[in-house]
$ cat start_31.txt   # compact mmCIF, C-alpha atoms
# COMPACT_ATOMS: atom_id res chain seq x y z
CA SER J 22 -17.56 24.36 12.16
CA ALA J 23 -15.45 24.19 9.00
CA MET J 24 -18.10 22.05 7.34
CA GLU J 25 -20.73 24.65 8.19
CA THR J 26 -18.57 27.54 6.98
CA ILE J 27 -17.85 25.95 3.60
CA GLN J 28 -21.57 25.87 2.88
CA ASP J 29 -21.30 29.61 2.23
CA PHE J 30 -19.02 28.83 -0.71
CA ALA J 31 -21.33 26.31 -2.38
CA THR J 32 -22.41 27.97 -5.63
CA LYS J 33 -25.48 25.87 -6.54
CA GLU J 34 -26.91 23.99 -3.57
CA GLU J 35 -26.23 22.80 -0.05
CA LEU J 36 -23.26 20.44 0.25
CA PHE J 37 -24.28 16.91 1.19
CA TYR J 38 -21.35 15.28 2.99
CA ALA J 39 -22.61 11.72 2.66
CA HIS J 40 -21.44 12.07 -0.95
CA THR J 41 -17.86 12.71 0.17
CA GLN J 42 -15.57 10.39 -1.80
CA TYR J 43 -12.17 10.94 -0.16
CA VAL J 44 -10.55 12.26 3.01
CA ILE J 45 -7.18 13.93 2.38
CA LEU J 46 -4.86 15.13 5.15
CA GLY J 47 -1.56 16.97 4.91
CA GLU J 48 1.36 15.21 6.59
CA SER J 49 1.96 17.82 9.28
CA TYR J 50 -1.75 18.08 10.06
CA ALA J 51 -2.16 14.30 10.23
CA LYS J 52 0.70 13.97 12.71
CA THR J 53 -1.08 16.24 15.19
CA ASN J 54 -4.80 15.98 14.42
CA LEU J 55 -5.45 12.46 13.10
CA ALA J 56 -6.98 11.34 16.40
CA MET J 57 -9.51 14.18 16.26
CA ILE J 58 -10.42 13.43 12.64
CA LEU J 59 -10.89 9.69 13.26
CA ASP J 60 -12.91 10.38 16.39
CA TYR J 61 -15.16 12.75 14.45
CA LEU J 62 -15.65 10.26 11.60
CA GLN J 63 -16.66 7.53 14.03
CA GLY J 64 -19.21 9.77 15.72
CA THR J 65 -20.86 11.52 12.78
CA THR J 66 -23.50 10.29 10.36
CA GLY J 67 -22.60 13.03 7.91
CA VAL J 68 -19.55 11.35 6.35
CA ARG J 69 -19.18 7.66 5.53
CA THR J 70 -16.20 5.92 7.16
CA SER J 71 -15.95 3.65 4.10
CA VAL J 72 -14.32 6.42 2.06
CA PRO J 73 -10.56 6.14 1.42
CA MET J 74 -8.19 8.25 3.53
CA PHE J 75 -4.94 9.68 2.16
CA VAL J 76 -2.00 11.61 3.57
CA VAL J 77 -0.10 14.12 1.43
CA HIS J 78 3.57 13.32 2.04
CA GLY J 79 5.63 16.47 2.58
CA ASP J 80 2.85 18.89 1.62
CA THR J 81 -0.60 20.14 2.60
CA ALA J 82 -4.00 18.87 1.57
CA GLU J 83 -4.98 22.45 0.75
CA HIS J 84 -2.24 22.74 -1.88
CA LEU J 85 -3.21 19.46 -3.50
CA VAL J 86 -6.97 20.03 -3.48
CA THR J 87 -7.00 23.65 -4.63
CA SER J 88 -4.30 23.33 -7.31
CA THR J 89 -5.34 20.03 -8.90
CA GLY J 90 -7.54 19.91 -11.96
CA GLU J 91 -8.17 21.96 -15.06
CA ARG J 92 -10.35 21.76 -18.16
CA GLY J 93 -13.30 20.32 -16.30
CA SER J 94 -11.39 17.98 -13.99
CA ASP J 95 -10.90 18.35 -10.23
CA ILE J 96 -9.21 16.56 -7.36
CA THR J 97 -11.96 13.90 -7.22
CA THR J 98 -11.75 12.87 -10.87
CA THR J 99 -7.95 13.02 -10.76
CA LEU J 100 -7.80 10.83 -7.65
CA ASN J 101 -10.21 8.38 -9.27
CA SER J 102 -7.68 7.87 -12.06
CA THR J 103 -4.72 7.76 -9.66
CA ILE J 104 -6.32 5.02 -7.56
CA LEU J 105 -7.43 3.01 -10.59
CA ASP J 106 -3.93 3.12 -12.09
CA SER J 107 -2.13 2.27 -8.84
CA ARG J 108 -4.39 -0.69 -8.07
CA ARG J 109 -3.95 -1.99 -11.60
CA ARG J 110 -0.16 -1.70 -11.27
CA GLY J 111 -0.22 -3.14 -7.76
CA ASP J 112 1.69 -0.29 -6.09
CA GLY J 113 -1.10 1.34 -4.11
CA TYR J 114 -4.23 0.48 -2.13
CA PRO J 115 -6.70 3.10 -0.82
CA PHE J 116 -7.26 2.05 2.79
CA SER J 117 -10.56 3.46 4.04
CA CYS J 118 -11.14 5.48 7.20
CA SER J 119 -12.84 2.46 8.78
CA GLU J 120 -9.87 0.23 7.87
CA VAL J 121 -7.47 2.69 9.52
CA ILE J 122 -9.65 2.77 12.64
CA ALA J 123 -10.18 -1.00 12.76
CA ALA J 124 -6.53 -1.93 12.13
CA GLN J 125 -5.37 0.28 15.00
CA ASN J 126 -7.97 -1.22 17.32
CA GLU J 127 -7.26 -4.82 16.30
CA HIS J 128 -3.53 -4.79 15.54
CA GLY J 129 -2.23 -1.58 17.14
CA ALA J 130 -1.18 -0.02 13.82
CA ALA J 131 -2.50 0.74 10.35
CA LEU J 132 -1.52 2.00 6.91
CA MET J 133 -2.73 4.98 4.90
CA MET J 134 -1.91 5.41 1.24
CA ALA J 135 0.44 8.37 0.76
CA LEU J 136 0.36 10.86 -2.10
CA LYS J 137 2.94 13.31 -3.36
CA VAL J 138 2.28 16.57 -5.15
CA VAL J 139 3.97 16.94 -8.54
CA PRO J 140 3.68 19.66 -11.21
CA THR J 141 1.17 18.51 -13.81
CA GLN J 142 3.53 19.75 -16.52
CA SER J 143 5.91 16.92 -15.60
CA VAL J 144 3.35 14.45 -16.97
CA GLU J 145 1.38 16.75 -19.30
CA PRO J 146 3.52 19.55 -20.87
CA SER J 147 0.45 21.51 -22.01
CA ALA J 148 -0.89 21.90 -18.46
CA GLN J 149 -1.02 25.21 -16.64
CA GLU J 150 2.20 26.23 -14.96
CA ASP J 151 0.80 26.18 -11.40
CA ALA J 152 -1.32 23.03 -11.79
CA VAL J 153 -0.36 19.99 -9.70
CA SER J 154 -1.31 16.32 -9.70
CA PRO J 155 -1.31 13.57 -7.05
CA LEU J 156 0.91 10.53 -7.50
CA PRO J 157 1.22 7.48 -5.21
CA ASP J 158 4.05 7.84 -2.69
CA GLY J 159 4.02 4.64 -0.66
CA TYR J 160 2.20 4.26 2.64
CA ALA J 161 2.14 6.09 5.96
CA ILE J 162 2.48 3.87 9.05
CA VAL J 163 -0.01 4.91 11.73
CA ARG J 164 0.19 4.01 15.41
CA ASP J 165 -1.58 5.69 18.34
CA ASP J 166 -3.39 7.94 15.86
CA THR J 167 -0.22 9.50 14.50
CA ILE J 168 2.15 8.87 11.60
CA ILE J 169 5.38 7.27 12.80
CA ASP J 170 7.07 6.35 9.51
CA PHE J 171 6.57 5.81 5.78
CA ILE J 172 6.98 2.84 3.48
CA PRO J 173 8.58 4.33 0.34
CA GLN J 174 6.97 3.96 -3.07
CA ALA J 175 9.88 1.74 -4.13
CA ASP J 176 8.61 -0.91 -1.67
CA ALA J 177 4.87 -0.23 -2.00
CA ARG J 178 4.32 -3.36 -4.06
CA GLY J 179 5.42 -5.41 -1.07
CA VAL J 180 2.35 -4.16 0.80
CA ASN J 181 0.08 -5.03 -2.11
CA LEU J 182 1.55 -8.52 -2.35
CA LEU J 183 0.98 -9.12 1.36
CA ILE J 184 -2.65 -7.96 1.27
CA GLY J 185 -3.45 -9.99 -1.86
CA GLU J 186 -3.65 -7.02 -4.23
CA PRO J 187 -0.70 -7.76 -6.57
CA GLY J 188 -2.10 -5.98 -9.58
CA LEU J 189 -0.91 -6.59 -13.12
CA GLY J 190 1.99 -4.14 -13.21
CA GLY J 191 5.32 -4.86 -14.79
CA VAL J 192 8.41 -6.05 -12.95
CA THR J 193 11.59 -4.84 -14.66
CA VAL J 194 14.94 -6.56 -14.15
CA THR J 195 18.33 -6.38 -15.84
CA ASP J 196 19.90 -9.46 -17.40
CA PRO J 197 23.63 -9.42 -18.32
CA LYS J 198 22.89 -10.77 -21.81
CA ALA J 199 19.28 -9.91 -22.61
CA GLY J 200 19.50 -6.41 -21.15
CA THR J 201 16.34 -4.86 -19.70
CA VAL J 202 13.50 -7.35 -19.34
CA THR J 203 9.97 -6.54 -18.22
CA VAL J 204 7.41 -9.14 -17.17
CA ASN J 205 3.81 -8.62 -16.13
CA MET J 206 2.31 -10.57 -13.24
CA THR J 207 -0.84 -12.56 -13.89
CA SER J 208 -1.10 -13.89 -10.33
CA CYS J 209 0.86 -13.80 -7.10
CA THR J 210 0.26 -15.21 -3.62
CA VAL J 211 2.24 -14.85 -0.39
CA LYS J 212 2.02 -17.28 2.52
CA LEU J 213 3.79 -16.50 5.79
CA GLU J 214 4.65 -18.95 8.54
CA PRO J 215 6.16 -18.33 12.01
CA VAL J 216 9.67 -19.53 12.83
CA TRP J 217 9.80 -20.97 16.35
CA GLY J 218 12.77 -20.49 18.67
CA ALA J 219 14.16 -22.99 21.19
CA ASP J 220 11.96 -21.60 23.97
CA GLY J 221 8.80 -21.82 21.85
CA SER J 222 8.61 -18.10 21.03
CA VAL J 223 8.43 -16.70 17.51
CA THR J 224 11.84 -15.57 16.27
CA GLY J 225 10.99 -14.75 12.70
CA LEU J 226 8.81 -15.30 9.68
CA SER J 227 9.35 -17.46 6.63
CA GLY J 228 7.42 -16.80 3.47
CA LYS J 229 6.61 -18.48 0.19
CA ILE J 230 5.77 -16.35 -2.81
CA ARG J 231 4.29 -18.02 -5.87
CA ALA J 232 4.03 -15.78 -8.93
CA GLN J 233 3.06 -16.32 -12.53
CA VAL J 234 4.22 -13.85 -15.17
CA TYR J 235 4.40 -13.37 -18.90
CA LEU J 236 7.15 -11.69 -20.88
CA LYS J 237 6.23 -8.20 -21.99
CA GLU J 238 9.44 -6.60 -23.21
CA VAL J 239 12.97 -7.86 -23.84
CA GLU J 240 15.81 -5.63 -24.98
CA HIS J 241 17.74 -8.47 -26.72
CA PRO J 242 15.30 -11.37 -27.26
CA SER J 243 17.83 -13.68 -28.92
CA ALA J 244 20.01 -13.63 -25.78
CA LEU J 245 17.17 -14.24 -23.34
CA ASP J 246 17.83 -16.76 -20.56
CA LYS J 247 14.39 -17.36 -19.07
CA THR J 248 15.76 -19.13 -15.99
CA ALA J 249 18.02 -16.20 -15.11
CA VAL J 250 15.22 -13.69 -15.67
CA LEU J 251 12.78 -15.62 -13.48
CA GLU J 252 15.39 -15.79 -10.72
CA ALA J 253 15.88 -12.02 -10.94
CA VAL J 254 12.12 -11.43 -10.79
CA SER J 255 11.87 -13.74 -7.77
CA GLU J 256 14.61 -11.81 -6.00
CA GLN J 257 12.77 -8.54 -6.61
CA LEU J 258 9.53 -9.93 -5.18
CA GLU J 259 11.43 -11.21 -2.15
CA ARG J 260 13.00 -7.77 -1.56
CA TRP J 261 9.66 -5.98 -1.72
CA VAL J 262 8.06 -8.26 0.85
CA GLU J 263 11.09 -8.41 3.15
CA HIS J 264 11.45 -4.61 3.16
CA VAL J 265 7.82 -4.17 4.25
CA LEU J 266 8.14 -6.82 6.98
CA GLN J 267 11.37 -5.18 8.16
CA LYS J 268 9.53 -1.85 8.45
CA MET J 269 6.93 -3.67 10.55
CA SER J 270 9.64 -5.00 12.86
CA ASP J 271 11.71 -1.80 13.02
CA ASN J 272 8.66 0.23 14.06
CA GLU J 273 7.17 -2.56 16.20
CA ALA J 274 3.94 -1.87 14.36
CA ASP J 275 1.94 -4.81 13.00
CA PHE J 276 0.05 -2.66 10.48
CA LEU J 277 -1.08 -5.67 8.37
CA GLY J 278 -2.24 -7.87 11.23
CA VAL J 279 0.41 -10.53 10.59
CA GLY J 280 0.32 -11.71 14.20
CA LEU J 281 -3.41 -12.43 14.03
CA GLN J 282 -2.92 -14.41 10.82
CA MET J 283 -0.19 -16.52 12.45
CA ARG J 284 -2.26 -17.14 15.57
CA MET J 285 -5.20 -18.35 13.49
CA ARG J 286 -2.93 -20.93 11.83
CA HIS J 287 -1.14 -22.08 14.99
CA PRO J 288 -3.39 -21.18 17.95
CA ILE J 289 -2.03 -23.69 20.47
CA LEU J 290 1.68 -23.03 19.86
CA TRP J 291 1.01 -19.30 19.63
CA ASP J 292 -0.77 -19.08 22.97
CA ARG J 293 1.84 -21.29 24.68
CA ALA J 294 4.77 -19.09 23.60
CA PRO J 295 6.53 -17.61 26.66
CA ARG J 296 7.10 -14.30 24.85
CA THR J 297 4.17 -12.52 23.21
CA TRP J 298 4.05 -11.26 19.64
CA GLU J 299 4.36 -7.69 20.89
CA GLN J 300 7.52 -8.59 22.83
CA VAL J 301 9.29 -10.24 19.86
CA LEU J 302 7.99 -7.98 17.08
CA GLY J 303 11.05 -5.73 17.08
CA GLU J 304 13.52 -8.65 16.93
CA LEU J 305 12.15 -10.71 14.04
CA THR J 306 14.20 -12.11 11.17
CA PHE J 307 12.78 -12.90 7.75
CA ASP J 308 13.38 -15.54 5.12
CA ILE J 309 11.24 -14.99 2.02
CA GLN J 310 11.53 -17.33 -0.96
CA ALA J 311 9.80 -16.73 -4.29
CA GLU J 312 9.04 -19.14 -7.10
CA THR J 313 8.19 -17.49 -10.42
CA THR J 314 6.90 -19.28 -13.50
CA ILE J 315 5.98 -18.12 -16.99
CA ALA J 316 2.34 -18.48 -17.96
CA ARG J 317 1.49 -20.32 -21.14
CA ALA J 318 -0.80 -18.75 -23.72
CA GLY J 319 -3.71 -20.97 -22.68
CA GLU J 320 -3.31 -19.96 -19.02
CA LEU J 321 -3.36 -16.29 -19.99
CA GLN J 322 -6.72 -16.76 -21.73
CA ARG J 323 -8.24 -18.13 -18.51

$ encode --input "start_31.txt" --output "C-alpha cells"
Amino acid sequence: SAMETIQDFATKEELFYAHTQYVILGESYAKTNLAMILDYLQGTTGVRTSVPMFVVHGDTAEHLVTSTGERGSDITTTLNSTILDSRRRGDGYPFSCSEVIAAQNEHGAALMMALKVVPTQSVEPSAQEDAVSPLPDGYAIVRDDTIIDFIPQADARGVNLLIGEPGLGGVTVTDPKAGTVTVNMTSCTVKLEPVWGADGSVTGLSGKIRAQVYLKEVEHPSALDKTAVLEAVSEQLERWVEHVLQKMSDNEADFLGVGLQMRMRHPILWDRAPRTWEQVLGELTFDIQAETTIARAGELQR
C-alpha cells in the first residue's frame, strides 16, 4: 500500500520499482519488521532481490533518505559513492537482499551492511546545516529475521578479509622508532581449518592469513624497521579476523557459513563428530596467524 501511495508523489511519471537500487531500513524498524520485508521481497516481481540491503544504525531510514543530498545529488548517488569507497578500502560489503535471505536459510544467520547518519558539514563544511550523509558503520548480525548484534566498524575489515574482499585500504600501525606507518594491501587471503578435540568434535578454528603490502607513508623513514612494521601489521590483521569470529561464537550465529566451508574440506571427520557445529559454535577458540610481506615494484605492476 505504501508503494501505491507514493505514486501520488511522483512528479514526472509512474515509479517503476524494478529500477530500485537499494533497500534501506532503520534499526528499530528492522528489528520488528525485517521478516515481513524479506517475505515481501521474495514474493514480489516488482523489486529485484539482488539489490543491496542496508540498516541505519541508531537512526531511521526516513531521516537518512530525506535529508541526504543537495546540489543535484540524492541518497542513491551518495550511496553509490559510499559503497564504492568502502569496497575499495575493504571495510564494507553491500550484502544483497537475496544474500541475506539465502544465508539465513543455509547457515541460520546473515550480515547486513550498517550505515550511520552524520552531518554532511563534518566532511564538507560548505554543506547545508541540516544535510546528512551515510557512512559505513560495520555490519548488523541477523538471525531469525531480526538484528541480534552489530560488528563495529573498527572490526569491519575482518569480515571483508573472511569473504575475500580485502580491498586496497591502508593499515596504519605505530612503530616505537619510525612512528606512524601506513601500508596498503595489494592482496590478502584467509584460510580457516577446524581444530579437533579428543572426542572428535570441533573445539576451535585455526587460520592462516597471507598478505602482501607496500609502504605508503612513514613518519620517520630513516628509523624504519620493516620486520617490526610487518609484525605489527600481521597482528592487526589477526585481531580483525579473530574479533569477527568471536562475534560469530558469542552470538552462536554462523553468518559467514564457516561451518559449511569446514565440512566441505573435511566431510568424513565432520559428519563423524559426536557434537554438531551448532552445539559447539558458542564454545570455540581461535588461533589466527598472519604472514605479511612487502611487494616488490615488479609485483605491484602485475

$ closest_residue --input "start_31.txt" --among "J:Ala219, J:Ala131, J:Leu236, J:Val194" --to "Thr207 in chain J" --atoms "only C-alpha atoms"
J:Leu236

$ closest_residue --input "start_31.txt" --among "J:Asn54, J:Thr210, J:Ser88, J:Thr97" --to "Ala311 in chain J" --atoms "only C-alpha atoms"
J:Thr210

$ closest_residue --input "start_31.txt" --among "J:Ala253, J:Val279, J:Met269, J:Val153" --to "Ile169 in chain J" --atoms "only C-alpha atoms"
J:Met269

$ atom_distance --input "start_31.txt" --atom1 "CA of Leu156 in chain J" --atom2 "CA of Thr103 in chain J"
6.6 Å

$ atom_distance --input "start_31.txt" --atom1 "CA of Asp112 in chain J" --atom2 "CA of Gln142 in chain J"
22.7 Å

$ residues_around --input "start_31.txt" --residues "Phe171 in chain J" --least-positions-apart "4" --cutoff "8 Å" --atoms "all atoms listed in the file" --output "PDB file with C-alpha atoms, in the coordinates of the input"
ATOM      1  CA  GLY J 159       4.020   4.640  -0.660  1.00  0.00           C
ATOM      2  CA  TYR J 160       2.200   4.260   2.640  1.00  0.00           C
ATOM      3  CA  ALA J 161       2.140   6.090   5.960  1.00  0.00           C
ATOM      4  CA  ILE J 162       2.480   3.870   9.050  1.00  0.00           C
TER       5      ILE J 162
END

$ closest_residue --input "start_31.txt" --among "J:Thr53, J:Thr167, J:Ser227, J:Gln28" --to "Met283 in chain J" --atoms "all atoms listed in the file"
J:Ser227

$ closest_residue --input "start_31.txt" --among "J:Tyr43, J:Ser143, J:Leu136, J:Val76" --to "Asn101 in chain J" --atoms "all atoms listed in the file"
J:Tyr43

$ residues_near_point --input "start_31.txt" --point "(3.9, 21.7, 2.1)" --cutoff "12 Å" --atoms "all atoms listed in the file" --output "ChimeraX atom specification"
/J:46-50,76-85,137-139

$ closest_residue --input "start_31.txt" --among "J:Leu189, J:Ala232, J:Val121, J:Ala294" --to "Ile168 in chain J" --atoms "only C-alpha atoms"
J:Val121

$ atom_distance --input "start_31.txt" --atom1 "CA of Leu251 in chain J" --atom2 "CA of Thr313 in chain J"
5.8 Å

$ residues_around --input "start_31.txt" --residues "Leu258 in chain J" --least-positions-apart "6" --cutoff "12 Å" --atoms "all atoms listed in the file" --output "PyMOL selection string"
chain J and resi 175-183+187+191-194+206+209-211+228-234+251-252+264-265+309-313

$ write_last_selection --input "start_31.txt" --atoms "C-alpha atoms" --output "compact mmCIF listing (two decimals), in the coordinates of the input"
# COMPACT_ATOMS: atom_id res chain seq x y z
CA ALA J 175 9.88 1.74 -4.13
CA ASP J 176 8.61 -0.91 -1.67
CA ALA J 177 4.87 -0.23 -2.00
CA ARG J 178 4.32 -3.36 -4.06
CA GLY J 179 5.42 -5.41 -1.07
CA VAL J 180 2.35 -4.16 0.80
CA ASN J 181 0.08 -5.03 -2.11
CA LEU J 182 1.55 -8.52 -2.35
CA LEU J 183 0.98 -9.12 1.36
CA PRO J 187 -0.70 -7.76 -6.57
CA GLY J 191 5.32 -4.86 -14.79
CA VAL J 192 8.41 -6.05 -12.95
CA THR J 193 11.59 -4.84 -14.66
CA VAL J 194 14.94 -6.56 -14.15
CA MET J 206 2.31 -10.57 -13.24
CA CYS J 209 0.86 -13.80 -7.10
CA THR J 210 0.26 -15.21 -3.62
CA VAL J 211 2.24 -14.85 -0.39
CA GLY J 228 7.42 -16.80 3.47
CA LYS J 229 6.61 -18.48 0.19
CA ILE J 230 5.77 -16.35 -2.81
CA ARG J 231 4.29 -18.02 -5.87
CA ALA J 232 4.03 -15.78 -8.93
CA GLN J 233 3.06 -16.32 -12.53
CA VAL J 234 4.22 -13.85 -15.17
CA LEU J 251 12.78 -15.62 -13.48
CA GLU J 252 15.39 -15.79 -10.72
CA HIS J 264 11.45 -4.61 3.16
CA VAL J 265 7.82 -4.17 4.25
CA ILE J 309 11.24 -14.99 2.02
CA GLN J 310 11.53 -17.33 -0.96
CA ALA J 311 9.80 -16.73 -4.29
CA GLU J 312 9.04 -19.14 -7.10
CA THR J 313 8.19 -17.49 -10.42

$ residues_around --input "start_31.txt" --residues "Leu281 in chain J" --least-positions-apart "6" --cutoff "10 Å" --atoms "only C-alpha atoms" --output "VMD selection string"
chain J and resid 127 to 128 275 287 to 288 291 298

$ axis_aligned_box --input "start_31.txt" --around "range 234-240 of chain J" --padding-each-side "3 Å" --output "lines of an AutoDock Vina configuration file"
center_x = 10.0
center_y = -9.7
center_z = -20.1
size_x = 17.6
size_y = 14.2
size_z = 15.8

$ build_atoms --input "start_31.txt" --residues "range 279-296 of chain J" --atoms "N, CA, C and O atoms" --output "PDB file, in the coordinates of the input"
ATOM      1  N   VAL J 279      -0.285  -9.272  10.825  1.00  0.00           N
ATOM      2  CA  VAL J 279       0.410 -10.530  10.590  1.00  0.00           C
ATOM      3  C   VAL J 279       0.290 -11.455  11.797  1.00  0.00           C
ATOM      4  O   VAL J 279       0.088 -12.667  11.664  1.00  0.00           O
ATOM      5  N   GLY J 280       0.405 -10.892  12.998  1.00  0.00           N
ATOM      6  CA  GLY J 280       0.320 -11.710  14.200  1.00  0.00           C
ATOM      7  C   GLY J 280      -0.998 -12.451  14.305  1.00  0.00           C
ATOM      8  O   GLY J 280      -1.033 -13.633  14.670  1.00  0.00           O
ATOM      9  N   LEU J 281      -2.097 -11.783  13.974  1.00  0.00           N
ATOM     10  CA  LEU J 281      -3.410 -12.430  14.030  1.00  0.00           C
ATOM     11  C   LEU J 281      -3.488 -13.571  13.013  1.00  0.00           C
ATOM     12  O   LEU J 281      -4.037 -14.642  13.309  1.00  0.00           O
ATOM     13  N   GLN J 282      -2.923 -13.352  11.829  1.00  0.00           N
ATOM     14  CA  GLN J 282      -2.920 -14.410  10.820  1.00  0.00           C
ATOM     15  C   GLN J 282      -2.151 -15.639  11.328  1.00  0.00           C
ATOM     16  O   GLN J 282      -2.591 -16.783  11.148  1.00  0.00           O
ATOM     17  N   MET J 283      -0.988 -15.410  11.957  1.00  0.00           N
ATOM     18  CA  MET J 283      -0.190 -16.520  12.450  1.00  0.00           C
ATOM     19  C   MET J 283      -0.899 -17.256  13.593  1.00  0.00           C
ATOM     20  O   MET J 283      -0.842 -18.476  13.686  1.00  0.00           O
ATOM     21  N   ARG J 284      -1.551 -16.502  14.443  1.00  0.00           N
ATOM     22  CA  ARG J 284      -2.260 -17.140  15.570  1.00  0.00           C
ATOM     23  C   ARG J 284      -3.407 -18.004  15.074  1.00  0.00           C
ATOM     24  O   ARG J 284      -3.672 -19.080  15.630  1.00  0.00           O
ATOM     25  N   MET J 285      -4.086 -17.565  14.022  1.00  0.00           N
ATOM     26  CA  MET J 285      -5.200 -18.350  13.490  1.00  0.00           C
ATOM     27  C   MET J 285      -4.708 -19.669  12.904  1.00  0.00           C
ATOM     28  O   MET J 285      -5.434 -20.664  12.926  1.00  0.00           O
ATOM     29  N   ARG J 286      -3.463 -19.704  12.413  1.00  0.00           N
ATOM     30  CA  ARG J 286      -2.930 -20.930  11.830  1.00  0.00           C
ATOM     31  C   ARG J 286      -2.336 -21.865  12.892  1.00  0.00           C
ATOM     32  O   ARG J 286      -2.326 -23.073  12.707  1.00  0.00           O
ATOM     33  N   HIS J 287      -1.805 -21.279  13.959  1.00  0.00           N
ATOM     34  CA  HIS J 287      -1.140 -22.080  14.990  1.00  0.00           C
ATOM     35  C   HIS J 287      -1.595 -21.628  16.379  1.00  0.00           C
ATOM     36  O   HIS J 287      -0.780 -21.151  17.175  1.00  0.00           O
ATOM     37  N   PRO J 288      -2.877 -21.752  16.693  1.00  0.00           N
ATOM     38  CA  PRO J 288      -3.390 -21.180  17.950  1.00  0.00           C
ATOM     39  C   PRO J 288      -2.780 -21.767  19.209  1.00  0.00           C
ATOM     40  O   PRO J 288      -2.507 -21.031  20.161  1.00  0.00           O
ATOM     41  N   ILE J 289      -2.541 -23.071  19.247  1.00  0.00           N
ATOM     42  CA  ILE J 289      -2.030 -23.690  20.470  1.00  0.00           C
ATOM     43  C   ILE J 289      -0.589 -23.273  20.725  1.00  0.00           C
ATOM     44  O   ILE J 289      -0.234 -22.820  21.828  1.00  0.00           O
ATOM     45  N   LEU J 290       0.274 -23.429  19.703  1.00  0.00           N
ATOM     46  CA  LEU J 290       1.680 -23.030  19.860  1.00  0.00           C
ATOM     47  C   LEU J 290       1.788 -21.540  20.139  1.00  0.00           C
ATOM     48  O   LEU J 290       2.626 -21.103  20.933  1.00  0.00           O
ATOM     49  N   TRP J 291       0.958 -20.760  19.482  1.00  0.00           N
ATOM     50  CA  TRP J 291       1.010 -19.300  19.630  1.00  0.00           C
ATOM     51  C   TRP J 291       0.701 -18.888  21.068  1.00  0.00           C
ATOM     52  O   TRP J 291       1.409 -18.070  21.661  1.00  0.00           O
ATOM     53  N   ASP J 292      -0.349 -19.462  21.617  1.00  0.00           N
ATOM     54  CA  ASP J 292      -0.770 -19.080  22.970  1.00  0.00           C
ATOM     55  C   ASP J 292       0.166 -19.648  24.043  1.00  0.00           C
ATOM     56  O   ASP J 292       0.210 -19.130  25.159  1.00  0.00           O
ATOM     57  N   ARG J 293       0.915 -20.710  23.719  1.00  0.00           N
ATOM     58  CA  ARG J 293       1.840 -21.290  24.680  1.00  0.00           C
ATOM     59  C   ARG J 293       3.192 -20.567  24.698  1.00  0.00           C
ATOM     60  O   ARG J 293       3.994 -20.780  25.621  1.00  0.00           O
ATOM     61  N   ALA J 294       3.470 -19.752  23.701  1.00  0.00           N
ATOM     62  CA  ALA J 294       4.770 -19.090  23.600  1.00  0.00           C
ATOM     63  C   ALA J 294       5.040 -18.244  24.838  1.00  0.00           C
ATOM     64  O   ALA J 294       4.182 -17.456  25.256  1.00  0.00           O
ATOM     65  N   PRO J 295       6.228 -18.381  25.451  1.00  0.00           N
ATOM     66  CA  PRO J 295       6.530 -17.610  26.660  1.00  0.00           C
ATOM     67  C   PRO J 295       6.647 -16.110  26.413  1.00  0.00           C
ATOM     68  O   PRO J 295       6.433 -15.320  27.330  1.00  0.00           O
ATOM     69  N   ARG J 296       7.014 -15.724  25.186  1.00  0.00           N
ATOM     70  CA  ARG J 296       7.100 -14.300  24.850  1.00  0.00           C
ATOM     71  C   ARG J 296       6.006 -13.971  23.836  1.00  0.00           C
ATOM     72  O   ARG J 296       5.807 -14.674  22.850  1.00  0.00           O
TER      73      ARG J 296
END
